[in-house]
Amino acid sequence: MSELMEMLTRRGYFWQSFEIYGGMAGFVDYGPLGNALRRKIEDIWRKHFVIRERAVEIDTPTVCVEEVFIASGHVSCFTDVAIECESCGRVFRADHYIKEVLGIEIEPTIETVKEIIDEYDLKCVCGGRFREPFLFNLMFSTKIGPGKGKMGYLRPETAQGIFIDFRRLLEYFRHKLPFGVAQIGRAYRNEISPRQGVVRLREFNQAELEYFVHPKEKRHENFERYANVKVKLLDKNDKPHEVTLREAVERGIICHELMAYFIGKTREFLLEVGVDESKLRFRQHKDDERAHYAIDCWDAEVLTSYGWIEIVGIADRTDYDLKKHMEHSGEDLRVFVQFERPIRVKKRKIVPNMKKLGPIYRAKAKEIAKKLEELEVDDYVDSVTVEVDGEKIEISREFFEIEEVEEEIHGEKIVPHVIEPSFGLDRITFTVLEHNFDKDVVEGEERRVLRLKRWIAPIPVAVLPLLSREPFISKAKEIVEMLRNEGIYTEYDDSGSIGRRYRRFDEIGTPFCITVDHQTFEDSTVTIRDRDTTKQVRVKIEELPNVLKELLSSERDIEEFGEIFRS
RNA sequence: GCGCGGGUAGUCUAGCCUGGUAGGACAACGCCCUUCCGAGGCGUUAGCCCGGGUUCAAAUCCCGGCCCGCGCACCA
């Protein structure tokens with residue numbers, strides 16, 4: 001275990017889940033500090049992706065009925081039969097492999113695959129034999145209700161809950177595009193072999209924004225905000241670019257302005273929570289790498305001790321999901337978009353003659369008439385063909401009239417496209433810890449210090465009596481009480497020497513320590529010590545809450561708030 | 001899933017080969033001492049991953065499981 005991971009465990013950032021029962025890979029417990037840190041990161045995410053957008057946040061179930069993922073394509077894309085070679089160890093999707101090698105399309109079930117392997121004596125490309133085929137399903141399944149119950153799945157992404165609620169959300173936004181809907185919550189993937197600490201979990205935390213736009217308007221009114229920001233890009237051909245976002249769009253490296261906007265916004269967010277910009281890049285998915293629903297995807301990747309890892313994916317999901325849910329649910333999920341000016345069109349319209357249709361076609365007459373009205377004709381034709389209940393019927397001219405009409409069209413129904421920035425909160429939390437873990441030397445001794453941004457530090461302030469005896473203790477406790485009443489999360493510690501306590505708080509990332517010393521009793525001042533520089537300034541106790549609030553929400557220097565006491 | 005290596009107090013680790021009382025360091029807690037950066041003294045707490053087998057006796061040997069690390073594969 002790395003020195004950092006050892007510290008994170010020991011000091012209460014992360015723990016192995018189910019530890020007393022032997023543990024289970026792919027699950028992690030957030031201890032007091034880790035939980036506080038992730039929540040602070042979530043709040044900053046909300047500020048950027050909800051408050052500063054035309055967006056809202058919702059919360060939908062993690063257990064979903066099976067229909068959701070049948071529609072979304074997750075069931076078919078997740079439930080595969082896999083085969084593994086016993087000599088080279090390679091794993092293949094059975095149906096793909098059989099199609100490629102034998103040219104046969106099969107029903108991907110374990111039995112069929114087994115039969116095929118026996119029948120054709122199927123071998124691995126290396127010549128080795130296959131083990132028993134096994135089911136390979138990345139979604140956790142469950143039964144809803146007692147007895148046989150209804151098949152359900154734990155969601156593998158938070159996004160579907162938003163698509164399901166689309167009609168309600170459209171109503172909420174008064175039918176006006178663009179709008180965004182966010183969700184922060186748990187998602188589940190039954191990974192085959194989760195590893196690397198919190199990097200690949202079976203239960204993890206996502207923050208996703210689904211930003212719905214008109215398909216022809218993939219722009220953002222605040223694009224200028226990031227247009228001149230330079231980013232490190234790696235396109236799908238592995239070609240690096242270091243250009244401004246405006247240039248990237250103009251040169252076609254990034255497909256559209258909206259994608260570029262969210263890349264800029266993502267970068268801003270990541271820097272604010274303390275990701276190291278020199279270890280950040282945006283990489284475009286290769287054609288064979290994209291999920292089934294995306295036409296384009298850019299990942300934010302960071303360099304960590306595990307190499308470059310993906311922490312954010314920004315995907316253009318187009319109208320894939322809404323269309324799928326329209327098909328499977330039968331609900332109309334389109335948006336009516338008004339034209340700026342109504343369009344006048346001349347049309348030739350068919351007017352059915354029911355008096356004649358009725359006696360001849362009887363029960364089918366009504367349906368035929370309906371189909372006839374839907375038809376558009378270019379010219380005065382003699383007959384048309386309609387399809388009723390799978391039967392093609394030719395209707396001759398005596399049964400209908402053709403009228404020329406002029407119609408005003410005020411708008412059209414479209415299926416919006418969705419751009420999805422999707423954040424892996426566990427990985428981001430871990431990255432922030434790794435990028436900010438540092439060692440330096442104070443008075444000849446090495447110290448470990450977590451240089452977290454002040455606004456995300458789990459314990460922002462600690463109050464310490466210089467000596468662990470009265471009257472220092474009482475005074476320090478009094479100050480703790482005052483700060484807590486002011487809403488500042490404050491810790492108290494009088495154990496061990498003062499230096500030892502400073503180191504403890506340096507290690508967990510507490511940016512400011514308040515020390516009650518002898519002078520406190522002469523002039524009602526205390527010292528504020530800065531974690532990063534170990535400098536101290538003297539501040540009046542009564543001013544402490546406001547000074548700390550200012551310090552914790554900015555990067556201002558403590559020297560702006562008081563006389564240097566020691567340095 | 002496969003292969004290799006590993007799992008001993010909160011943390012790091014010695015002991016395992018060659019079976020027989022589990023040792024250290026740091027941390028934590030209490031008291032004493034101490035006017036500012038892991039000081040010192042005394043004391044305390046706390047451990048062989050789980051299950052089975054071999055044996056008079058298992059941290060140690062054998063089998064299975066779980067977990068961790070690395071490589072392969074997987075990561076819609």
# chains A, B, ... in the order shown; residues from 1 in each chain; ligands from 1

$ residues_around --residues "C12 in chain B" --least-positions-apart "6" --cutoff "12 Å" --atoms "only C-alpha atoms (C1' of nucleotides)" --output "PyMOL selection string"
(chain A and resi 1-3+6-7+10) or (chain B and resi 24-27)

$ interface_residues --of "chain B" --to "chain A" --cutoff "9 Å" --atoms "only C-alpha atoms (C1' of nucleotides)" --output "CSV table (one decimal) with all heavy atoms, in the first residue's frame"
chain,number,residue,atom,x,y,z
B,1,G,P,-15.2,-16.7,-10.0
B,1,G,OP1,-16.4,-16.4,-10.6
B,1,G,OP2,-15.0,-17.7,-9.0
B,1,G,O5',-14.2,-17.1,-11.2
B,1,G,C5',-13.5,-16.0,-11.7
B,1,G,C4',-12.9,-16.4,-13.0
B,1,G,O4',-12.9,-15.3,-13.9
B,1,G,C3',-11.4,-16.8,-12.8
B,1,G,O3',-11.3,-18.2,-12.5
B,1,G,C2',-10.9,-16.5,-14.2
B,1,G,O2',-11.2,-17.5,-15.2
B,1,G,C1',-11.7,-15.2,-14.6
B,1,G,N9,-11.1,-14.0,-14.2
B,1,G,C8,-11.5,-13.1,-13.2
B,1,G,N7,-10.7,-12.0,-13.1
B,1,G,C5,-9.7,-12.3,-14.1
B,1,G,C6,-8.6,-11.5,-14.4
B,1,G,O6,-8.2,-10.4,-13.9
B,1,G,N1,-7.8,-12.1,-15.4
B,1,G,C2,-8.1,-13.2,-16.0
B,1,G,N2,-7.3,-13.6,-17.0
B,1,G,N3,-9.2,-14.0,-15.7
B,1,G,C4,-9.9,-13.4,-14.7
B,2,C,P,-10.0,-18.6,-11.6
B,2,C,OP1,-10.2,-20.0,-11.3
B,2,C,OP2,-9.8,-17.7,-10.5
B,2,C,O5',-8.8,-18.5,-12.6
B,2,C,C5',-8.7,-19.5,-13.7
B,2,C,C4',-7.4,-19.2,-14.5
B,2,C,O4',-7.6,-17.8,-15.1
B,2,C,C3',-6.1,-19.0,-13.7
B,2,C,O3',-5.6,-20.3,-13.4
B,2,C,C2',-5.3,-18.2,-14.6
B,2,C,O2',-4.8,-18.9,-15.7
B,2,C,C1',-6.3,-17.2,-15.1
B,2,C,N1,-6.4,-16.0,-14.3
B,2,C,C2,-5.4,-15.0,-14.5
B,2,C,O2,-4.5,-15.2,-15.4
B,2,C,N3,-5.4,-13.8,-13.8
B,2,C,C4,-6.4,-13.7,-12.9
B,2,C,N4,-6.4,-12.5,-12.2
B,2,C,C5,-7.4,-14.6,-12.7
B,2,C,C6,-7.3,-15.8,-13.4
B,10,G,P,-6.2,-3.4,15.5
B,10,G,OP1,-7.3,-3.4,16.5
B,10,G,OP2,-6.2,-4.4,14.4
B,10,G,O5',-6.0,-2.0,15.0
B,10,G,C5',-7.0,-1.4,14.2
B,10,G,C4',-6.5,-0.1,13.6
B,10,G,O4',-6.1,0.8,14.7
B,10,G,C3',-5.3,-0.2,12.8
B,10,G,O3',-5.6,-0.4,11.4
B,10,G,C2',-4.6,1.1,12.9
B,10,G,O2',-5.2,2.1,12.2
B,10,G,C1',-4.9,1.4,14.4
B,10,G,N9,-3.9,0.9,15.4
B,10,G,C8,-4.1,0.0,16.4
B,10,G,N7,-3.0,-0.2,17.1
B,10,G,C5,-2.0,0.6,16.5
B,10,G,C6,-0.6,0.7,16.8
B,10,G,O6,0.0,0.1,17.7
B,10,G,N1,0.0,1.6,15.9
B,10,G,C2,-0.6,2.2,14.9
B,10,G,N2,0.2,3.1,14.2
B,10,G,N3,-1.9,2.1,14.6
B,10,G,C4,-2.5,1.3,15.4
B,11,U,P,-4.7,-1.4,10.5
B,11,U,OP1,-5.4,-1.5,9.2
B,11,U,OP2,-4.3,-2.6,11.3
B,11,U,O5',-3.4,-0.5,10.3
B,11,U,C5',-3.5,0.7,9.5
B,11,U,C4',-2.1,1.3,9.4
B,11,U,O4',-1.7,1.7,10.7
B,11,U,C3',-1.0,0.3,9.0
B,11,U,O3',-0.9,0.2,7.6
B,11,U,C2',0.3,1.0,9.6
B,11,U,O2',0.6,2.1,8.8
B,11,U,C1',-0.3,1.5,10.9
B,11,U,N1,-0.1,0.5,12.0
B,11,U,C2,1.2,0.5,12.5
B,11,U,O2,2.1,1.1,12.1
B,11,U,N3,1.3,-0.4,13.6
B,11,U,C4,0.3,-1.2,14.1
B,11,U,O4,0.6,-2.0,15.1
B,11,U,C5,-1.0,-1.1,13.5
B,11,U,C6,-1.1,-0.2,12.5
B,34,U,P,6.9,22.0,33.8
B,34,U,OP1,7.9,22.9,34.5
B,34,U,OP2,5.5,22.0,34.2
B,34,U,O5',7.1,22.1,32.3
B,34,U,C5',8.3,22.2,31.6
B,34,U,C4',8.1,22.2,30.1
B,34,U,O4',7.4,21.0,29.8
B,34,U,C3',7.3,23.4,29.5
B,34,U,O3',8.1,24.5,29.4
B,34,U,C2',6.9,22.8,28.2
B,34,U,O2',7.9,22.8,27.2
B,34,U,C1',6.6,21.3,28.6
B,34,U,N1,5.2,21.0,28.9
B,34,U,C2,4.4,20.7,27.8
B,34,U,O2,4.8,20.7,26.6
B,34,U,N3,3.1,20.5,28.1
B,34,U,C4,2.5,20.6,29.3
B,34,U,O4,1.3,20.4,29.4
B,34,U,C5,3.4,20.9,30.4
B,34,U,C6,4.7,21.1,30.1
B,35,U,P,7.6,25.9,29.9
B,35,U,OP1,8.6,26.7,30.4
B,35,U,OP2,6.3,25.7,30.7
B,35,U,O5',7.1,26.6,28.5
B,35,U,C5',6.1,26.0,27.7
B,35,U,C4',5.6,27.0,26.7
B,35,U,O4',5.0,28.1,27.3
B,35,U,C3',6.8,27.5,25.8
B,35,U,O3',7.0,26.7,24.8
B,35,U,C2',6.2,28.9,25.4
B,35,U,O2',5.3,28.7,24.2
B,35,U,C1',5.3,29.3,26.6
B,35,U,N1,5.9,30.3,27.4
B,35,U,C2,5.9,31.6,27.0
B,35,U,O2,5.5,31.9,25.9
B,35,U,N3,6.5,32.5,27.8
B,35,U,C4,7.0,32.2,29.1
B,35,U,O4,7.5,33.1,29.7
B,35,U,C5,7.0,30.9,29.5
B,35,U,C6,6.4,30.0,28.6
B,36,C,P,7.9,27.1,23.5
B,36,C,OP1,8.9,26.1,23.3
B,36,C,OP2,8.3,28.5,23.6
B,36,C,O5',6.8,27.0,22.4
B,36,C,C5',6.3,25.7,22.0
B,36,C,C4',6.1,25.7,20.5
B,36,C,O4',4.8,26.3,20.3
B,36,C,C3',7.1,26.4,19.7
B,36,C,O3',7.3,25.8,18.4
B,36,C,C2',6.3,27.7,19.4
B,36,C,O2',6.7,28.4,18.2
B,36,C,C1',4.9,27.2,19.3
B,36,C,N1,3.8,28.2,19.5
B,36,C,C2,2.9,28.4,18.4
B,36,C,O2,3.1,27.8,17.4
B,36,C,N3,2.0,29.4,18.6
B,36,C,C4,1.9,30.0,19.7
B,36,C,N4,0.9,30.9,19.8
B,36,C,C5,2.8,29.9,20.8
B,36,C,C6,3.7,29.0,20.6
B,37,C,P,8.8,25.2,18.2
B,37,C,OP1,9.3,24.8,19.5
B,37,C,OP2,9.4,26.2,17.3
B,37,C,O5',8.5,23.9,17.4
B,37,C,C5',7.8,22.8,18.0
B,37,C,C4',7.2,22.0,16.9
B,37,C,O4',6.0,22.7,16.3
B,37,C,C3',8.1,21.7,15.7
B,37,C,O3',7.8,20.4,15.2
B,37,C,C2',7.7,22.7,14.7
B,37,C,O2',7.9,22.2,13.4
B,37,C,C1',6.2,22.7,14.9
B,37,C,N1,5.6,24.0,14.4
B,37,C,C2,4.7,23.9,13.3
B,37,C,O2,4.5,22.8,12.8
B,37,C,N3,4.1,25.0,12.8
B,37,C,C4,4.4,26.2,13.4
B,37,C,N4,3.8,27.2,12.9
B,37,C,C5,5.2,26.3,14.6
B,37,C,C6,5.8,25.2,15.0
B,38,G,P,8.7,19.1,16.0
B,38,G,OP1,9.5,19.7,17.1
B,38,G,OP2,9.2,18.3,15.0
B,38,G,O5',7.4,18.4,16.7
B,38,G,C5',6.5,17.7,16.0
B,38,G,C4',6.1,16.4,16.6
B,38,G,O4',5.4,15.7,15.7
B,38,G,C3',7.4,15.5,16.9
B,38,G,O3',7.0,14.7,18.0
B,38,G,C2',7.5,14.7,15.7
B,38,G,O2',8.1,13.4,15.9
B,38,G,C1',6.1,14.5,15.3
B,38,G,N9,5.7,14.3,13.9
B,38,G,C8,6.5,14.5,12.8
B,38,G,N7,5.8,14.2,11.7
B,38,G,C5,4.6,13.6,12.2
B,38,G,C6,3.5,13.0,11.5
B,38,G,O6,3.4,12.9,10.3
B,38,G,N1,2.6,12.6,12.4
B,38,G,C2,2.6,12.7,13.7
B,38,G,N2,1.6,12.3,14.4
B,38,G,N3,3.6,13.3,14.4
B,38,G,C4,4.6,13.7,13.5
B,39,A,P,7.2,15.2,19.6
B,39,A,OP1,6.9,14.0,20.4
B,39,A,OP2,6.4,16.4,19.7
B,39,A,O5',8.7,15.6,19.8
B,39,A,C5',9.7,14.7,19.8
B,39,A,C4',10.7,15.1,20.9
B,39,A,O4',10.4,16.3,21.5
B,39,A,C3',10.7,14.1,22.1
B,39,A,O3',11.4,12.9,21.8
B,39,A,C2',11.4,15.0,23.1
B,39,A,O2',12.8,15.1,22.9
B,39,A,C1',10.7,16.3,22.8
B,39,A,N9,9.5,16.5,23.6
B,39,A,C8,8.2,16.5,23.2
B,39,A,N7,7.4,16.6,24.2
B,39,A,C5,8.1,16.7,25.3
B,39,A,C6,7.8,16.8,26.7
B,39,A,N6,6.6,16.9,27.2
B,39,A,N1,8.9,16.8,27.6
B,39,A,C2,10.1,16.7,27.1
B,39,A,N3,10.5,16.6,25.8
B,39,A,C4,9.5,16.6,25.0
B,49,C,P,-3.4,-13.9,9.9
B,49,C,OP1,-3.2,-15.4,9.7
B,49,C,OP2,-2.8,-13.0,9.0
B,49,C,O5',-5.0,-13.7,9.8
B,49,C,C5',-5.6,-12.4,10.0
B,49,C,C4',-6.9,-12.4,9.4
B,49,C,O4',-6.8,-12.2,8.0
B,49,C,C3',-7.7,-13.7,9.5
B,49,C,O3',-8.4,-13.8,10.8
B,49,C,C2',-8.7,-13.6,8.3
B,49,C,O2',-9.7,-12.7,8.6
B,49,C,C1',-7.8,-13.0,7.3
B,49,C,N1,-7.1,-14.0,6.5
B,49,C,C2,-7.8,-14.7,5.5
B,49,C,O2,-9.0,-14.5,5.4
B,49,C,N3,-7.2,-15.6,4.7
B,49,C,C4,-5.9,-15.8,4.9
B,49,C,N4,-5.3,-16.7,4.1
B,49,C,C5,-5.1,-15.1,5.8
B,49,C,C6,-5.7,-14.2,6.6
B,50,C,P,-8.7,-15.2,11.4
B,50,C,OP1,-9.2,-14.9,12.8
B,50,C,OP2,-7.5,-16.1,11.2
B,50,C,O5',-9.9,-15.8,10.5
B,50,C,C5',-11.2,-15.2,10.5
B,50,C,C4',-12.0,-15.9,9.5
B,50,C,O4',-11.5,-15.8,8.2
B,50,C,C3',-12.1,-17.4,9.7
B,50,C,O3',-13.0,-17.8,10.8
B,50,C,C2',-12.5,-17.9,8.4
B,50,C,O2',-13.9,-17.7,8.2
B,50,C,C1',-11.8,-17.0,7.5
B,50,C,N1,-10.5,-17.6,7.0
B,50,C,C2,-10.5,-18.6,6.0
B,50,C,O2,-11.6,-18.9,5.5
B,50,C,N3,-9.3,-19.1,5.6
B,50,C,C4,-8.2,-18.7,6.1
B,50,C,N4,-7.1,-19.3,5.7
B,50,C,C5,-8.1,-17.8,7.2
B,50,C,C6,-9.3,-17.2,7.6
B,66,C,P,-13.7,-16.7,-3.3
B,66,C,OP1,-14.8,-16.3,-4.1
B,66,C,OP2,-12.4,-17.0,-4.0
B,66,C,O5',-13.4,-15.6,-2.2
B,66,C,C5',-14.5,-15.1,-1.4
B,66,C,C4',-14.0,-14.2,-0.4
B,66,C,O4',-13.1,-14.9,0.6
B,66,C,C3',-13.1,-13.1,-0.8
B,66,C,O3',-13.8,-12.0,-1.4
B,66,C,C2',-12.3,-12.7,0.5
B,66,C,O2',-13.1,-12.0,1.3
B,66,C,C1',-12.1,-14.1,1.0
B,66,C,N1,-10.8,-14.7,0.6
B,66,C,C2,-9.6,-14.3,1.3
B,66,C,O2,-9.7,-13.4,2.2
B,66,C,N3,-8.4,-14.8,0.9
B,66,C,C4,-8.4,-15.7,-0.1
B,66,C,N4,-7.2,-16.1,-0.5
B,66,C,C5,-9.5,-16.1,-0.8
B,66,C,C6,-10.7,-15.6,-0.4
B,67,C,P,-13.2,-11.1,-2.5
B,67,C,OP1,-14.2,-10.2,-3.0
B,67,C,OP2,-12.5,-12.0,-3.5
B,67,C,O5',-12.0,-10.3,-1.8
B,67,C,C5',-12.3,-9.3,-0.8
B,67,C,C4',-11.1,-8.9,-0.1
B,67,C,O4',-10.5,-10.1,0.5
B,67,C,C3',-10.0,-8.3,-1.0
B,67,C,O3',-10.2,-6.9,-1.3
B,67,C,C2',-8.8,-8.5,-0.1
B,67,C,O2',-8.8,-7.6,1.0
B,67,C,C1',-9.1,-9.9,0.5
B,67,C,N1,-8.4,-10.9,-0.3
B,67,C,C2,-7.1,-11.2,-0.1
B,67,C,O2,-6.4,-10.5,0.7
B,67,C,N3,-6.4,-12.1,-0.8
B,67,C,C4,-7.2,-12.9,-1.7
B,67,C,N4,-6.5,-13.8,-2.4
B,67,C,C5,-8.6,-12.7,-1.9
B,67,C,C6,-9.2,-11.7,-1.2
B,68,C,P,-9.7,-6.4,-2.7
B,68,C,OP1,-10.3,-5.1,-2.8
B,68,C,OP2,-9.8,-7.4,-3.7
B,68,C,O5',-8.1,-6.2,-2.4
B,68,C,C5',-7.7,-5.2,-1.4
B,68,C,C4',-6.2,-5.3,-1.3
B,68,C,O4',-5.8,-6.6,-0.8
B,68,C,C3',-5.4,-5.2,-2.6
B,68,C,O3',-5.3,-3.9,-3.0
B,68,C,C2',-4.1,-5.8,-2.2
B,68,C,O2',-3.3,-5.0,-1.4
B,68,C,C1',-4.6,-7.0,-1.3
B,68,C,N1,-4.7,-8.3,-2.1
B,68,C,C2,-3.5,-9.0,-2.4
B,68,C,O2,-2.4,-8.5,-2.0
B,68,C,N3,-3.6,-10.1,-3.1
B,68,C,C4,-4.8,-10.6,-3.5
B,68,C,N4,-4.8,-11.7,-4.2
B,68,C,C5,-6.0,-9.9,-3.2
B,68,C,C6,-5.9,-8.7,-2.5
B,69,G,P,-5.2,-3.6,-4.6
B,69,G,OP1,-5.3,-2.2,-4.8
B,69,G,OP2,-6.1,-4.6,-5.4
B,69,G,O5',-3.7,-4.1,-5.0
B,69,G,C5',-2.6,-3.3,-4.4
B,69,G,C4',-1.3,-4.0,-4.8
B,69,G,O4',-1.2,-5.3,-4.3
B,69,G,C3',-1.1,-4.2,-6.3
B,69,G,O3',-0.7,-3.1,-7.0
B,69,G,C2',-0.1,-5.3,-6.3
B,69,G,O2',1.2,-4.8,-6.1
B,69,G,C1',-0.5,-6.2,-5.1
B,69,G,N9,-1.4,-7.3,-5.5
B,69,G,C8,-2.7,-7.4,-5.4
B,69,G,N7,-3.2,-8.5,-5.9
B,69,G,C5,-2.1,-9.2,-6.3
B,69,G,C6,-2.0,-10.5,-6.9
B,69,G,O6,-2.9,-11.3,-7.1
B,69,G,N1,-0.7,-10.8,-7.2
B,69,G,C2,0.4,-10.0,-6.9
B,69,G,N2,1.6,-10.5,-7.3
B,69,G,N3,0.3,-8.8,-6.4
B,69,G,C4,-1.0,-8.5,-6.1
B,72,C,P,-0.3,-6.5,-18.9
B,72,C,OP1,0.3,-6.0,-20.2
B,72,C,OP2,-1.1,-5.7,-18.1
B,72,C,O5',-1.1,-7.9,-19.2
B,72,C,C5',-0.6,-8.8,-20.1
B,72,C,C4',-1.5,-10.0,-20.2
B,72,C,O4',-1.7,-10.6,-18.9
B,72,C,C3',-2.9,-9.7,-20.7
B,72,C,O3',-3.1,-9.4,-22.0
B,72,C,C2',-3.6,-10.9,-20.2
B,72,C,O2',-3.4,-12.0,-21.1
B,72,C,C1',-2.9,-11.2,-18.9
B,72,C,N1,-3.7,-10.6,-17.7
B,72,C,C2,-4.8,-11.3,-17.2
B,72,C,O2,-5.1,-12.4,-17.7
B,72,C,N3,-5.5,-10.7,-16.2
B,72,C,C4,-5.2,-9.5,-15.7
B,72,C,N4,-5.9,-9.0,-14.7
B,72,C,C5,-4.0,-8.8,-16.2
B,72,C,C6,-3.3,-9.4,-17.2
B,73,A,P,-4.1,-8.3,-22.5
B,73,A,OP1,-4.0,-8.3,-24.0
B,73,A,OP2,-3.9,-7.1,-21.7
B,73,A,O5',-5.5,-8.9,-22.2
B,73,A,C5',-6.0,-10.1,-22.8
B,73,A,C4',-7.3,-10.6,-22.1
B,73,A,O4',-6.9,-11.0,-20.8
B,73,A,C3',-8.4,-9.6,-22.0
B,73,A,O3',-9.2,-9.5,-23.2
B,73,A,C2',-9.2,-10.2,-20.9
B,73,A,O2',-9.9,-11.4,-21.3
B,73,A,C1',-8.1,-10.7,-19.9
B,73,A,N9,-7.7,-9.6,-19.0
B,73,A,C8,-6.7,-8.7,-19.1
B,73,A,N7,-6.7,-7.8,-18.1
B,73,A,C5,-7.8,-8.2,-17.3
B,73,A,C6,-8.3,-7.7,-16.1
B,73,A,N6,-7.8,-6.6,-15.5
B,73,A,N1,-9.4,-8.2,-15.6
B,73,A,C2,-9.9,-9.3,-16.3
B,73,A,N3,-9.5,-9.9,-17.4
B,73,A,C4,-8.4,-9.3,-17.9
B,74,C,P,-9.8,-8.1,-23.5
B,74,C,OP1,-10.5,-8.2,-24.8
B,74,C,OP2,-8.8,-7.0,-23.4
B,74,C,O5',-10.9,-7.9,-22.4
B,74,C,C5',-12.0,-8.7,-22.3
B,74,C,C4',-12.9,-8.4,-21.1
B,74,C,O4',-12.0,-8.6,-19.9
B,74,C,C3',-13.3,-7.0,-21.0
B,74,C,O3',-14.5,-6.7,-21.8
B,74,C,C2',-13.6,-6.9,-19.5
B,74,C,O2',-14.8,-7.5,-19.1
B,74,C,C1',-12.4,-7.7,-18.9
B,74,C,N1,-11.3,-6.8,-18.6
B,74,C,C2,-11.3,-6.0,-17.4
B,74,C,O2,-12.3,-6.2,-16.6
B,74,C,N3,-10.3,-5.2,-17.1
B,74,C,C4,-9.3,-5.0,-18.0
B,74,C,N4,-8.3,-4.2,-17.6
B,74,C,C5,-9.3,-5.8,-19.2
B,74,C,C6,-10.2,-6.6,-19.5
B,75,C,P,-14.7,-5.3,-22.5
B,75,C,OP1,-16.0,-5.4,-23.2
B,75,C,OP2,-13.4,-5.0,-23.2
B,75,C,O5',-14.8,-4.3,-21.2
B,75,C,C5',-15.9,-4.3,-20.4
B,75,C,C4',-15.8,-3.2,-19.4
B,75,C,O4',-14.6,-3.5,-18.6
B,75,C,C3',-15.5,-1.8,-19.9
B,75,C,O3',-16.7,-1.1,-20.2
B,75,C,C2',-14.8,-1.2,-18.7
B,75,C,O2',-15.8,-0.8,-17.7
B,75,C,C1',-14.0,-2.3,-18.1
B,75,C,N1,-12.6,-2.3,-18.7
B,75,C,C2,-11.7,-1.4,-18.1
B,75,C,O2,-12.1,-0.8,-17.1
B,75,C,N3,-10.4,-1.3,-18.5
B,75,C,C4,-10.1,-2.1,-19.6
B,75,C,N4,-8.8,-2.0,-20.0
B,75,C,C5,-11.0,-2.9,-20.3
B,75,C,C6,-12.3,-3.0,-19.8
B,76,A,P,-16.6,0.0,-21.4
B,76,A,OP1,-15.4,-0.2,-22.1
B,76,A,OP2,-16.9,1.3,-20.7
B,76,A,O5',-17.9,-0.4,-22.3
B,76,A,C5',-17.8,-1.5,-23.1
B,76,A,C4',-19.2,-1.8,-23.6
B,76,A,O4',-20.0,-2.4,-22.5
B,76,A,C3',-20.0,-0.6,-24.0
B,76,A,O3',-19.9,-0.4,-25.4
B,76,A,C2',-21.5,-0.9,-23.6
B,76,A,O2',-22.1,-1.7,-24.6
B,76,A,C1',-21.2,-1.8,-22.4
B,76,A,N9,-21.1,-1.0,-21.2
B,76,A,C8,-20.4,-1.3,-20.1
B,76,A,N7,-20.4,-0.4,-19.1
B,76,A,C5,-21.3,0.5,-19.6
B,76,A,C6,-21.8,1.7,-19.0
B,76,A,N6,-21.4,2.2,-17.8
B,76,A,N1,-22.6,2.5,-19.7
B,76,A,C2,-22.9,2.0,-21.0
B,76,A,N3,-22.5,0.9,-21.6
B,76,A,C4,-21.7,0.2,-20.9

$ select_by_dssp --residues "range 120-282 of chain A" --states "helix (DSSP H, G or I)" --output "VMD selection string"
chain A and resid 120 159 to 164 166 to 172 197 to 199 224 to 227 245 to 250 257 to 273 277 to 279

$ atom_distance --atom1 "CA of His410 in chain A" --atom2 "CA of Ile343 in chain A"
6.5 Å

$ select_by_dssp --residues "range 76-226 of chain A" --states "strand (DSSP E)" --output "PyMOL selection string"
chain A and resi 79-84+91-93+134-137+141-144+150-154+179-188+203-213

$ residues_around --residues "range 544-558 of chain A" --least-positions-apart "2" --cutoff "9 Å" --atoms "only C-alpha atoms (C1' of nucleotides)" --output "ChimeraX atom specification"
/A:453-456,460-461,482-483,486,488,511-512,526,528-530,535-537,539-542,560-562,564

$ residues_around --residues "Ile117 in chain A" --least-positions-apart "4" --cutoff "12 Å" --atoms "only C-alpha atoms (C1' of nucleotides)" --output "PyMOL selection string"
chain A and resi 83-85+94-95+97-98+101-102+106+110-113+121-124+129-133

$ atom_distance --atom1 "CA of Thr109 in chain A" --atom2 "CA of Ala187 in chain A"
26.7 Å

$ atom_distance --atom1 "CA of Tyr320 in chain A" --atom2 "CA of Arg334 in chain A"
12.5 Å

$ closest_residue --among "B:G40, B:G15, B:G20, B:G3" --to "U55 in chain B" --atoms "only C-alpha atoms (C1' of nucleotides)"
B:G20

$ residues_around --residues "Phe521 in chain A" --least-positions-apart "4" --cutoff "10 Å" --atoms "only C-alpha atoms (C1' of nucleotides)" --output "PyMOL selection string"
chain A and resi 471-472+475+516-517+525-526

$ residues_around --residues "Thr244 in chain A" --least-positions-apart "6" --cutoff "8 Å" --atoms "only C-alpha atoms (C1' of nucleotides)" --output "list in words"
Ala227, Asn228, Val229, Lys230 and Val231 of chain A

$ decode --residues "range 41-52 of chain B" --atoms "C-alpha atoms (C1' of nucleotides)" --output "mmCIF file, in the first residue's frame"
data_model
loop_
_atom_site.group_PDB
_atom_site.id
_atom_site.type_symbol
_atom_site.label_atom_id
_atom_site.label_comp_id
_atom_site.auth_asym_id
_atom_site.auth_seq_id
_atom_site.Cartn_x
_atom_site.Cartn_y
_atom_site.Cartn_z
ATOM 1 C "C1'" G B 41 9.326 9.855 31.642
ATOM 2 C "C1'" C B 42 5.797 6.225 33.668
ATOM 3 C "C1'" G B 43 1.644 3.362 32.603
ATOM 4 C "C1'" U B 44 -2.388 1.288 29.442
ATOM 5 C "C1'" U B 45 -5.000 -0.621 25.211
ATOM 6 C "C1'" A B 46 -4.358 -3.772 21.108
ATOM 7 C "C1'" G B 47 -2.634 -8.782 16.777
ATOM 8 C "C1'" C B 48 -1.478 -14.226 13.689
ATOM 9 C "C1'" C B 49 -7.754 -12.974 7.285
ATOM 10 C "C1'" C B 50 -11.761 -17.018 7.453
ATOM 11 C "C1'" G B 51 -13.008 -22.310 7.332
ATOM 12 C "C1'" G B 52 -11.338 -27.278 7.162
#
